[in-house]
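Colleague: Pasting work.pdb here (PDB, C-alpha atoms, pLDDT in the B column):
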```pdb
MODEL        1
ATOM      1  CA  MET A   6      -2.693   7.058  53.867  1.00 68.00           C
ATOM      2  CA  LYS A   7      -4.726   8.426  51.010  1.00 81.00           C
ATOM      3  CA  PRO A   8      -4.206   6.421  47.785  1.00 86.00           C
ATOM      4  CA  SER A   9      -2.252   8.406  45.228  1.00 90.00           C
ATOM      5  CA  TRP A  10      -2.958   8.901  41.566  1.00 90.00           C
ATOM      6  CA  ASN A  11      -1.921   5.977  39.345  1.00 93.00           C
ATOM      7  CA  PRO A  12      -0.375   7.612  36.260  1.00 94.00           C
ATOM      8  CA  ARG A  13       0.755   4.345  34.645  1.00 95.00           C
ATOM      9  CA  LEU A  14      -2.839   3.600  33.728  1.00 95.00           C
ATOM     10  CA  TRP A  15      -3.254   6.838  31.844  1.00 95.00           C
ATOM     11  CA  TRP A  16       0.193   6.849  30.295  1.00 97.00           C
ATOM     12  CA  GLY A  17      -0.332   3.270  29.146  1.00 96.00           C
ATOM     13  CA  PHE A  18      -3.694   4.053  27.598  1.00 97.00           C
ATOM     14  CA  ALA A  19      -2.397   7.236  25.941  1.00 97.00           C
ATOM     15  CA  LEU A  20       0.657   5.440  24.573  1.00 97.00           C
ATOM     16  CA  ALA A  21      -1.507   2.646  23.115  1.00 97.00           C
ATOM     17  CA  LEU A  22      -3.668   5.220  21.327  1.00 97.00           C
ATOM     18  CA  ALA A  23      -0.605   7.106  20.109  1.00 97.00           C
ATOM     19  CA  ALA A  24       0.960   3.891  18.791  1.00 96.00           C
ATOM     20  CA  MET A  25      -2.157   2.997  16.785  1.00 96.00           C
ATOM     21  CA  VAL A  26      -2.735   6.506  15.432  1.00 96.00           C
ATOM     22  CA  SER A  27       0.913   7.055  14.497  1.00 96.00           C
ATOM     23  CA  TYR A  28       1.041   3.900  12.379  1.00 95.00           C
ATOM     24  CA  PRO A  29      -1.213   5.050   9.522  1.00 92.00           C
ATOM     25  CA  LEU A  30      -0.188   8.683   9.894  1.00 94.00           C
ATOM     26  CA  PHE A  31       3.566   8.219  10.054  1.00 94.00           C
ATOM     27  CA  PHE A  32       5.187   4.804  10.353  1.00 94.00           C
ATOM     28  CA  ALA A  33       3.261   3.232   7.452  1.00 90.00           C
ATOM     29  CA  ARG A  34       4.934   5.750   5.142  1.00 88.00           C
ATOM     30  CA  TYR A  35       8.308   4.091   5.465  1.00 89.00           C
ATOM     31  CA  ALA A  36       8.880   0.514   4.341  1.00 87.00           C
ATOM     32  CA  ILE A  37      11.185  -0.185   7.272  1.00 91.00           C
ATOM     33  CA  THR A  38       8.497   0.542   9.875  1.00 93.00           C
ATOM     34  CA  ARG A  39       5.549  -0.603   7.731  1.00 91.00           C
ATOM     35  CA  ASP A  40       6.307  -4.039   6.280  1.00 90.00           C
ATOM     36  CA  PHE A  41       7.048  -5.323   9.757  1.00 92.00           C
ATOM     37  CA  PRO A  42       5.632  -2.664  12.129  1.00 95.00           C
ATOM     38  CA  TRP A  43       8.244  -3.115  14.851  1.00 96.00           C
ATOM     39  CA  VAL A  44       8.061   0.454  16.207  1.00 96.00           C
ATOM     40  CA  THR A  45       4.293   0.236  16.587  1.00 96.00           C
ATOM     41  CA  LEU A  46       4.472  -3.194  18.228  1.00 97.00           C
ATOM     42  CA  LEU A  47       7.196  -1.992  20.602  1.00 97.00           C
ATOM     43  CA  LEU A  48       5.104   1.034  21.625  1.00 97.00           C
ATOM     44  CA  LEU A  49       2.081  -1.209  22.163  1.00 97.00           C
ATOM     45  CA  ALA A  50       4.130  -3.596  24.298  1.00 97.00           C
ATOM     46  CA  ILE A  51       5.335  -0.718  26.491  1.00 97.00           C
ATOM     47  CA  ALA A  52       1.771   0.613  26.725  1.00 97.00           C
ATOM     48  CA  ILE A  53       0.400  -2.750  27.827  1.00 97.00           C
ATOM     49  CA  PHE A  54       3.237  -3.160  30.324  1.00 97.00           C
ATOM     50  CA  LEU A  55       2.437   0.242  31.872  1.00 97.00           C
ATOM     51  CA  LEU A  56      -1.265  -0.563  32.049  1.00 96.00           C
ATOM     52  CA  ALA A  57      -0.711  -4.050  33.451  1.00 96.00           C
ATOM     53  CA  THR A  58       1.642  -2.884  36.184  1.00 96.00           C
ATOM     54  CA  GLY A  59      -0.669   0.055  36.931  1.00 96.00           C
ATOM     55  CA  ILE A  60      -3.651  -2.276  37.312  1.00 96.00           C
ATOM     56  CA  ALA A  61      -1.618  -4.739  39.359  1.00 96.00           C
ATOM     57  CA  ARG A  62      -0.592  -2.147  41.913  1.00 94.00           C
ATOM     58  CA  ALA A  63      -4.106  -0.694  42.088  1.00 94.00           C
ATOM     59  CA  PHE A  64      -5.408  -4.116  43.146  1.00 94.00           C
ATOM     60  CA  GLN A  65      -2.433  -5.259  45.231  1.00 94.00           C
ATOM     61  CA  ARG A  66      -1.824  -2.004  47.099  1.00 93.00           C
ATOM     62  CA  PRO A  67      -5.197  -0.226  47.083  1.00 92.00           C
ATOM     63  CA  ASP A  68      -4.056   1.736  50.135  1.00 92.00           C
ATOM     64  CA  ALA A  69      -1.234   3.312  48.091  1.00 92.00           C
ATOM     65  CA  TYR A  70      -2.656   3.491  44.533  1.00 92.00           C
ATOM     66  CA  ARG A  71      -6.009   4.372  43.061  1.00 92.00           C
ATOM     67  CA  GLY A  72      -7.377   3.067  39.786  1.00 92.00           C
ATOM     68  CA  LYS A  73      -9.167  -0.246  40.343  1.00 92.00           C
ATOM     69  CA  VAL A  74     -12.206   0.886  38.366  1.00 94.00           C
ATOM     70  CA  ALA A  75     -10.443   3.192  35.904  1.00 93.00           C
ATOM     71  CA  GLY A  76      -7.686   0.638  35.401  1.00 94.00           C
ATOM     72  CA  SER A  77     -10.134  -2.156  34.630  1.00 95.00           C
ATOM     73  CA  ILE A  78     -12.032  -0.019  32.141  1.00 96.00           C
ATOM     74  CA  LEU A  79      -8.874   1.276  30.450  1.00 96.00           C
ATOM     75  CA  GLY A  80      -7.360  -2.200  30.411  1.00 96.00           C
ATOM     76  CA  VAL A  81     -10.325  -3.822  28.682  1.00 96.00           C
ATOM     77  CA  LEU A  82     -10.709  -0.900  26.288  1.00 96.00           C
ATOM     78  CA  THR A  83      -7.027  -1.038  25.351  1.00 96.00           C
ATOM     79  CA  LEU A  84      -7.104  -4.798  24.762  1.00 96.00           C
ATOM     80  CA  LEU A  85     -10.153  -4.444  22.503  1.00 97.00           C
ATOM     81  CA  LEU A  86      -8.625  -1.597  20.498  1.00 96.00           C
ATOM     82  CA  VAL A  87      -5.240  -3.281  20.175  1.00 96.00           C
ATOM     83  CA  GLY A  88      -6.926  -6.546  19.177  1.00 96.00           C
ATOM     84  CA  PHE A  89      -8.876  -4.759  16.459  1.00 96.00           C
ATOM     85  CA  PHE A  90      -5.785  -2.903  15.269  1.00 95.00           C
ATOM     86  CA  LEU A  91      -3.697  -6.075  15.019  1.00 95.00           C
ATOM     87  CA  THR A  92      -6.525  -7.874  13.204  1.00 95.00           C
ATOM     88  CA  VAL A  93      -6.666  -5.115  10.614  1.00 93.00           C
ATOM     89  CA  ILE A  94      -2.945  -4.944   9.915  1.00 91.00           C
ATOM     90  CA  PHE A  95      -2.058  -8.642  10.187  1.00 92.00           C
ATOM     91  CA  TYR A  96      -5.223 -10.340   8.949  1.00 92.00           C
ATOM     92  CA  MET A  97      -7.490  -8.025   6.985  1.00 89.00           C
ATOM     93  CA  ALA A  98      -4.604  -6.519   5.003  1.00 89.00           C
ATOM     94  CA  ARG A  99      -3.796 -10.016   3.735  1.00 89.00           C
ATOM     95  CA  GLN A 100      -7.267 -10.755   2.395  1.00 88.00           C
ATOM     96  CA  ILE A 101      -6.286 -10.197  -1.225  1.00 88.00           C
ATOM     97  CA  PRO A 102      -7.470 -12.759  -3.760  1.00 88.00           C
ATOM     98  CA  ALA A 103      -4.663 -14.721  -5.412  1.00 87.00           C
ATOM     99  CA  SER A 104      -4.138 -14.032  -9.087  1.00 87.00           C
ATOM    100  CA  HIS A 105      -3.408 -17.060 -11.250  1.00 88.00           C
ATOM    101  CA  GLY A 106      -4.188 -15.540 -14.630  1.00 90.00           C
ATOM    102  CA  ALA A 107      -2.038 -12.418 -14.415  1.00 93.00           C
ATOM    103  CA  PRO A 108       0.618 -12.122 -17.122  1.00 94.00           C
ATOM    104  CA  GLN A 109       3.793 -13.888 -16.064  1.00 93.00           C
ATOM    105  CA  VAL A 110       7.443 -13.178 -16.728  1.00 93.00           C
ATOM    106  CA  GLY A 111       8.242 -13.943 -20.345  1.00 92.00           C
ATOM    107  CA  GLN A 112       4.654 -13.565 -21.533  1.00 93.00           C
ATOM    108  CA  VAL A 113       3.537 -10.718 -23.739  1.00 93.00           C
ATOM    109  CA  ALA A 114       1.434  -8.271 -21.723  1.00 93.00           C
ATOM    110  CA  PRO A 115      -2.160  -8.248 -23.030  1.00 93.00           C
ATOM    111  CA  ASP A 116      -2.590  -4.956 -24.839  1.00 94.00           C
ATOM    112  CA  PHE A 117      -5.164  -2.380 -23.826  1.00 94.00           C
ATOM    113  CA  THR A 118      -6.269   1.177 -24.458  1.00 95.00           C
ATOM    114  CA  LEU A 119      -7.507   3.300 -21.568  1.00 95.00           C
ATOM    115  CA  PRO A 120      -8.080   7.017 -20.968  1.00 95.00           C
ATOM    116  CA  ASP A 121      -5.566   8.856 -18.812  1.00 94.00           C
ATOM    117  CA  SER A 122      -6.571  11.521 -16.293  1.00 93.00           C
ATOM    118  CA  LYS A 123      -6.931  14.076 -19.102  1.00 93.00           C
ATOM    119  CA  ASN A 124      -9.085  11.707 -21.162  1.00 93.00           C
ATOM    120  CA  ASN A 125      -6.355  11.059 -23.743  1.00 93.00           C
ATOM    121  CA  LEU A 126      -6.422   7.448 -24.863  1.00 94.00           C
ATOM    122  CA  VAL A 127      -3.239   5.548 -24.029  1.00 92.00           C
ATOM    123  CA  THR A 128      -2.361   2.205 -25.636  1.00 92.00           C
ATOM    124  CA  LEU A 129       0.092  -0.021 -23.824  1.00 92.00           C
ATOM    125  CA  SER A 130       1.835  -1.401 -26.920  1.00 88.00           C
ATOM    126  CA  ALA A 131       2.443   2.115 -28.269  1.00 87.00           C
ATOM    127  CA  LEU A 132       3.644   3.244 -24.865  1.00 84.00           C
ATOM    128  CA  VAL A 133       6.234   0.563 -24.171  1.00 82.00           C
ATOM    129  CA  ASP A 134       7.989   1.375 -27.429  1.00 76.00           C
ATOM    130  CA  SER A 135       8.417   5.049 -26.569  1.00 64.00           C
ATOM    131  CA  SER A 136       9.379   6.939 -23.488  1.00 48.00           C
ATOM    132  CA  PHE A 137       6.719   8.715 -21.539  1.00 46.00           C
ATOM    133  CA  ALA A 138       7.244  12.440 -21.162  1.00 44.00           C
ATOM    134  CA  PRO A 139       6.675  13.815 -17.637  1.00 44.00           C
ATOM    135  CA  ASN A 140       3.719  15.917 -18.761  1.00 43.00           C
ATOM    136  CA  GLY A 141       1.826  12.776 -19.585  1.00 44.00           C
ATOM    137  CA  SER A 142       1.988  12.914 -23.367  1.00 45.00           C
ATOM    138  CA  SER A 143       3.815  10.089 -25.063  1.00 46.00           C
ATOM    139  CA  ALA A 144       6.654  11.224 -27.275  1.00 47.00           C
ATOM    140  CA  PRO A 145       9.168   9.058 -29.073  1.00 47.00           C
ATOM    141  CA  THR A 146      12.731   9.946 -28.156  1.00 46.00           C
ATOM    142  CA  SER A 147      16.105   9.295 -29.672  1.00 45.00           C
ATOM    143  CA  GLY A 148      17.621   5.841 -29.402  1.00 44.00           C
ATOM    144  CA  ALA A 149      19.884   6.779 -26.527  1.00 42.00           C
ATOM    145  CA  GLU A 150      17.037   7.973 -24.343  1.00 45.00           C
ATOM    146  CA  LYS A 151      14.631   5.253 -25.309  1.00 51.00           C
ATOM    147  CA  THR A 152      13.217   3.497 -22.273  1.00 57.00           C
ATOM    148  CA  ALA A 153      14.212  -0.089 -21.797  1.00 67.00           C
ATOM    149  CA  ALA A 154      11.055  -0.867 -19.928  1.00 83.00           C
ATOM    150  CA  THR A 155       7.798   0.508 -18.611  1.00 89.00           C
ATOM    151  CA  VAL A 156       6.627   0.080 -15.028  1.00 91.00           C
ATOM    152  CA  LEU A 157       2.903  -0.592 -14.918  1.00 93.00           C
ATOM    153  CA  ILE A 158       1.279  -0.285 -11.509  1.00 93.00           C
ATOM    154  CA  PHE A 159      -2.251  -1.375 -10.669  1.00 94.00           C
ATOM    155  CA  TYR A 160      -3.661   0.598  -7.736  1.00 92.00           C
ATOM    156  CA  ARG A 161      -6.711  -0.028  -5.621  1.00 91.00           C
ATOM    157  CA  GLY A 162      -7.968   3.485  -6.309  1.00 87.00           C
ATOM    158  CA  TYR A 163     -10.565   5.227  -4.163  1.00 80.00           C
ATOM    159  CA  TRP A 164      -8.171   7.936  -3.089  1.00 68.00           C
TER     160      TRP A 164
ATOM    161  CA  MET B  26       5.899   4.508 -15.338  1.00 87.00           C
ATOM    162  CA  ILE B  27       2.135   4.392 -15.557  1.00 92.00           C
ATOM    163  CA  ALA B  28      -0.588   3.602 -13.052  1.00 95.00           C
ATOM    164  CA  ILE B  29      -4.056   2.109 -13.476  1.00 95.00           C
ATOM    165  CA  SER B  30      -7.002   2.254 -11.104  1.00 95.00           C
ATOM    166  CA  VAL B  31     -10.800   2.072 -11.264  1.00 94.00           C
ATOM    167  CA  ASP B  32     -11.083   5.781 -10.443  1.00 93.00           C
ATOM    168  CA  THR B  33     -12.498   8.094 -13.099  1.00 94.00           C
ATOM    169  CA  PRO B  34     -10.113  10.330 -15.076  1.00 94.00           C
ATOM    170  CA  ALA B  35     -11.377  13.349 -13.102  1.00 93.00           C
ATOM    171  CA  GLU B  36     -10.652  11.660  -9.752  1.00 93.00           C
ATOM    172  CA  SER B  37      -7.216  10.588 -10.935  1.00 94.00           C
ATOM    173  CA  GLN B  38      -6.452  14.100 -12.179  1.00 94.00           C
ATOM    174  CA  LYS B  39      -7.419  15.522  -8.773  1.00 94.00           C
ATOM    175  CA  LEU B  40      -5.044  13.039  -7.129  1.00 93.00           C
ATOM    176  CA  ARG B  41      -2.213  13.878  -9.533  1.00 93.00           C
ATOM    177  CA  GLU B  42      -2.613  17.571  -8.814  1.00 93.00           C
ATOM    178  CA  SER B  43      -2.945  17.246  -5.045  1.00 93.00           C
ATOM    179  CA  GLN B  44       0.025  14.868  -4.770  1.00 91.00           C
ATOM    180  CA  GLY B  45       2.118  16.356  -7.547  1.00 92.00           C
ATOM    181  CA  TYR B  46       2.345  13.019  -9.370  1.00 92.00           C
ATOM    182  CA  THR B  47       3.816  13.430 -12.834  1.00 92.00           C
ATOM    183  CA  PHE B  48       3.192   9.891 -14.048  1.00 92.00           C
ATOM    184  CA  PRO B  49      -0.041   9.241 -15.938  1.00 93.00           C
ATOM    185  CA  ILE B  50      -2.889   7.458 -14.189  1.00 95.00           C
ATOM    186  CA  LEU B  51      -5.151   5.486 -16.504  1.00 95.00           C
ATOM    187  CA  SER B  52      -8.783   4.924 -15.673  1.00 96.00           C
ATOM    188  CA  ASP B  53     -10.245   1.424 -15.938  1.00 95.00           C
ATOM    189  CA  ALA B  54     -13.680   2.410 -14.689  1.00 93.00           C
ATOM    190  CA  ASN B  55     -15.328  -0.604 -16.412  1.00 93.00           C
ATOM    191  CA  ARG B  56     -12.790  -3.004 -14.881  1.00 93.00           C
ATOM    192  CA  ASP B  57     -12.120  -4.401 -18.388  1.00 94.00           C
ATOM    193  CA  VAL B  58      -8.329  -4.499 -18.171  1.00 95.00           C
ATOM    194  CA  ILE B  59      -8.293  -5.471 -14.507  1.00 95.00           C
ATOM    195  CA  ARG B  60     -10.548  -8.431 -15.352  1.00 94.00           C
ATOM    196  CA  ARG B  61      -8.527  -9.430 -18.417  1.00 94.00           C
ATOM    197  CA  TRP B  62      -5.303  -9.345 -16.375  1.00 95.00           C
ATOM    198  CA  ASP B  63      -6.968 -11.369 -13.588  1.00 94.00           C
ATOM    199  CA  LEU B  64      -6.362  -8.679 -10.982  1.00 95.00           C
ATOM    200  CA  VAL B  65      -9.917  -8.137  -9.703  1.00 93.00           C
ATOM    201  CA  HIS B  66     -10.381  -7.840  -5.965  1.00 93.00           C
ATOM    202  CA  PRO B  67     -14.139  -8.524  -5.697  1.00 92.00           C
ATOM    203  CA  HIS B  68     -15.959  -6.082  -3.414  1.00 89.00           C
ATOM    204  CA  GLY B  69     -12.619  -4.618  -2.346  1.00 88.00           C
ATOM    205  CA  GLY B  70     -13.704  -1.003  -2.771  1.00 86.00           C
ATOM    206  CA  GLU B  71     -14.955   1.198   0.028  1.00 83.00           C
ATOM    207  CA  ASP B  72     -18.492   0.955  -1.361  1.00 86.00           C
ATOM    208  CA  GLY B  73     -18.227  -2.797  -2.011  1.00 87.00           C
ATOM    209  CA  SER B  74     -17.524  -2.511  -5.714  1.00 90.00           C
ATOM    210  CA  ASP B  75     -14.849  -4.529  -7.501  1.00 92.00           C
ATOM    211  CA  ILE B  76     -11.421  -2.935  -7.609  1.00 93.00           C
ATOM    212  CA  SER B  77      -7.911  -3.899  -8.625  1.00 93.00           C
ATOM    213  CA  ARG B  78      -5.619  -5.786  -6.294  1.00 93.00           C
ATOM    214  CA  PRO B  79      -2.197  -4.142  -6.008  1.00 93.00           C
ATOM    215  CA  ALA B  80       0.152  -5.381  -8.711  1.00 94.00           C
ATOM    216  CA  GLU B  81       3.311  -4.134 -10.391  1.00 94.00           C
ATOM    217  CA  PHE B  82       4.686  -5.174 -13.769  1.00 94.00           C
ATOM    218  CA  LEU B  83       7.824  -4.306 -15.695  1.00 93.00           C
ATOM    219  CA  ILE B  84       7.235  -4.492 -19.429  1.00 92.00           C
ATOM    220  CA  ASP B  85      10.057  -4.257 -21.953  1.00 88.00           C
ATOM    221  CA  SER B  86       9.938  -2.465 -25.278  1.00 85.00           C
ATOM    222  CA  SER B  87       8.776  -5.604 -27.070  1.00 87.00           C
ATOM    223  CA  GLY B  88       5.765  -5.771 -24.757  1.00 89.00           C
ATOM    224  CA  LYS B  89       7.038  -8.745 -22.769  1.00 91.00           C
ATOM    225  CA  VAL B  90       6.681  -8.945 -19.007  1.00 93.00           C
ATOM    226  CA  ARG B  91      10.143  -8.852 -17.413  1.00 91.00           C
ATOM    227  CA  TRP B  92       9.192  -8.708 -13.744  1.00 92.00           C
ATOM    228  CA  VAL B  93       5.971  -8.964 -11.790  1.00 93.00           C
ATOM    229  CA  ASN B  94       5.086  -8.352  -8.155  1.00 93.00           C
ATOM    230  CA  LEU B  95       1.745  -9.627  -6.822  1.00 93.00           C
ATOM    231  CA  THR B  96       1.734  -8.809  -3.129  1.00 91.00           C
ATOM    232  CA  GLU B  97      -0.320 -10.811  -0.659  1.00 89.00           C
ATOM    233  CA  ASP B  98      -0.344  -7.996   1.874  1.00 89.00           C
ATOM    234  CA  LEU B  99      -1.802  -4.553   1.250  1.00 88.00           C
ATOM    235  CA  ARG B 100       0.830  -3.039   3.505  1.00 87.00           C
ATOM    236  CA  VAL B 101       3.729  -4.560   1.597  1.00 87.00           C
ATOM    237  CA  ARG B 102       4.073  -3.164  -1.917  1.00 84.00           C
ATOM    238  CA  ALA B 103       7.004  -3.158  -4.296  1.00 86.00           C
ATOM    239  CA  ARG B 104       9.740  -0.857  -3.073  1.00 84.00           C
ATOM    240  CA  PRO B 105      11.385   1.590  -5.490  1.00 84.00           C
ATOM    241  CA  GLU B 106      14.734  -0.241  -5.114  1.00 84.00           C
ATOM    242  CA  GLN B 107      13.066  -3.505  -6.117  1.00 84.00           C
ATOM    243  CA  VAL B 108      11.629  -1.931  -9.248  1.00 84.00           C
ATOM    244  CA  LEU B 109      14.954  -0.292 -10.113  1.00 86.00           C
ATOM    245  CA  ARG B 110      16.773  -3.597  -9.736  1.00 86.00           C
ATOM    246  CA  ALA B 111      14.264  -5.262 -12.061  1.00 83.00           C
ATOM    247  CA  PHE B 112      14.684  -2.350 -14.466  1.00 81.00           C
ATOM    248  CA  ASP B 113      18.473  -2.703 -14.438  1.00 81.00           C
ATOM    249  CA  SER B 114      18.299  -6.408 -15.118  1.00 79.00           C
ATOM    250  CA  ALA B 115      15.819  -5.906 -17.973  1.00 73.00           C
ATOM    251  CA  ASN B 116      18.119  -3.245 -19.376  1.00 71.00           C
ATOM    252  CA  ALA B 117      21.164  -5.517 -19.168  1.00 70.00           C
ATOM    253  CA  HIS B 118      19.331  -8.304 -20.951  1.00 62.00           C
ATOM    254  CA  GLY B 119      18.062  -5.865 -23.544  1.00 55.00           C
ATOM    255  CA  SER B 120      21.490  -4.459 -24.425  1.00 50.00           C
ATOM    256  CA  ALA B 121      22.951  -7.965 -24.573  1.00 45.00           C
ATOM    257  CA  GLY B 122      20.660  -8.498 -27.524  1.00 42.00           C
ATOM    258  CA  GLU B 123      18.638 -11.150 -25.784  1.00 39.00           C
TER     259      GLU B 123
ENDMDL
END
```
Take the structure in the file and write it out as structure tokens.
Modeller:
Amino acid sequence: MKPSWNPRLWWGFALALAAMVSYPLFFARYAITRDFPWVTLLLLAIAIFLLATGIARAFQRPDAYRGKVAGSILGVLTLLLVGFFLTVIFYMARQIPASHGAPQVGQVAPDFTLPDSKNNLVTLSALVDSSFAPNGSSAPTSGAEKTAATVLIFYRGYW
Amino acid sequence: MIAISVDTPAESQKLRESQGYTFPILSDANRDVIRRWDLVHPHGGEDGSDISRPAEFLIDSSGKVRWVNLTEDLRVRARPEQVLRAFDSANAHGSAGE
């Protein structure tokens, strides 16, 4: 009997690639699939299961299934890629220096003046006491609309 | 709501336009504020330069910090609900004349 094609190898490999590509492109956009990437991990587990069973039958029943060479190559390649992917999202993403000197709750935020994206200078202390109009210019509003608080977000930049 | 990054004003403006962001993005190109607030991530930028670590603060109208979020994982940032909850609690305290 001529050995038949072993699709599990290729489906497994393709699914592993799809799982890793879809994380940054799609699943990382939503907190529920980003903070703990359960969809991505589930897809990777299925992919590795397909590959492993595909490789197993290529070696155990070489008369029925092809793929000893292709399966070995795809298996090693997948393990390397998945290993790298998991290192990036579970280890490298956590390499942020601790901050001990950042302003804490109850402390007064150190004031600063910085240019906004239109080169207008913005001062924090002036800003927190007035609401910020959507067009980016600060404008004091009536008491009822006055903001109770300002959200200040530090970004990594390099967009 | 305001954002700060090490990007230049021109880069931030491009981002605001492409993403439709209406909040202002301040430029701390010299890393002065990021250093003063102890938020530097040394060599964290794509070209190895110092950048800001992610951080979120809620500051009340007297300039006091009411809530702070210093994540330890780049993938896990403050969620909008978290910020809104902090905002509500700051508001409640504020109107109680605290």
Colleague: For the structure provided, state which residues fall under the PyMOL selection byres ((chain B) within 6 of (chain A)), and present them as an MDAnalysis selection string.
Modeller: chainID B and resid 26:32 34 37:38 47 49:52 62:63 76:86 88:92 97:99 101 116
Colleague: In Å, with one decimal, what is the gap from atom CA of A:Met25 to atom CA of A:Ile53?
Modeller: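 Going from atom CA of A:Met25 over to atom CA of A:Ile53, I get 12.7 Å.
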Colleague: Which value, in Å to one decimal, gives the distance between atom CA of A:Phe54 and atom CA of A:Ser9?
Modeller: 19.6 Å
Colleague: Which residue gives the smallest distance to B:Arg60 among B:Ala103, B:Tyr46, B:Asp75, B:Glu36, with all atoms listed in the file counted?
Modeller: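 Among B:Ala103, B:Tyr46, B:Asp75, B:Glu36, it is B:Asp75 that comes nearest to B:Arg60.
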Colleague: For the provided coordinates, the residues matched by the PyMOL selection byres ((chain A and resi 65-81) around 9) should be stated as a list in words.
Modeller: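 The output of the PyMOL selection byres ((chain A and resi 65-81) around 9) on this file is Met6, Lys7, Pro8, Ser9, Trp10, Asn11, Leu14, Trp15, Gly17, Phe18, Ile53, Leu56, Ala57, Gly59, Ile60, Ala61, Arg62, Ala63, Phe64, Leu82, Thr83, Leu84, Leu85 and Leu86 of chain A.
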Colleague: What separation in Å, quoted to one decimal, exists between atom CA of A:Trp16 and atom CA of A:Thr45?
Modeller: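 Computed distance, atom CA of A:Trp16 to atom CA of A:Thr45, equals 15.8 Å.
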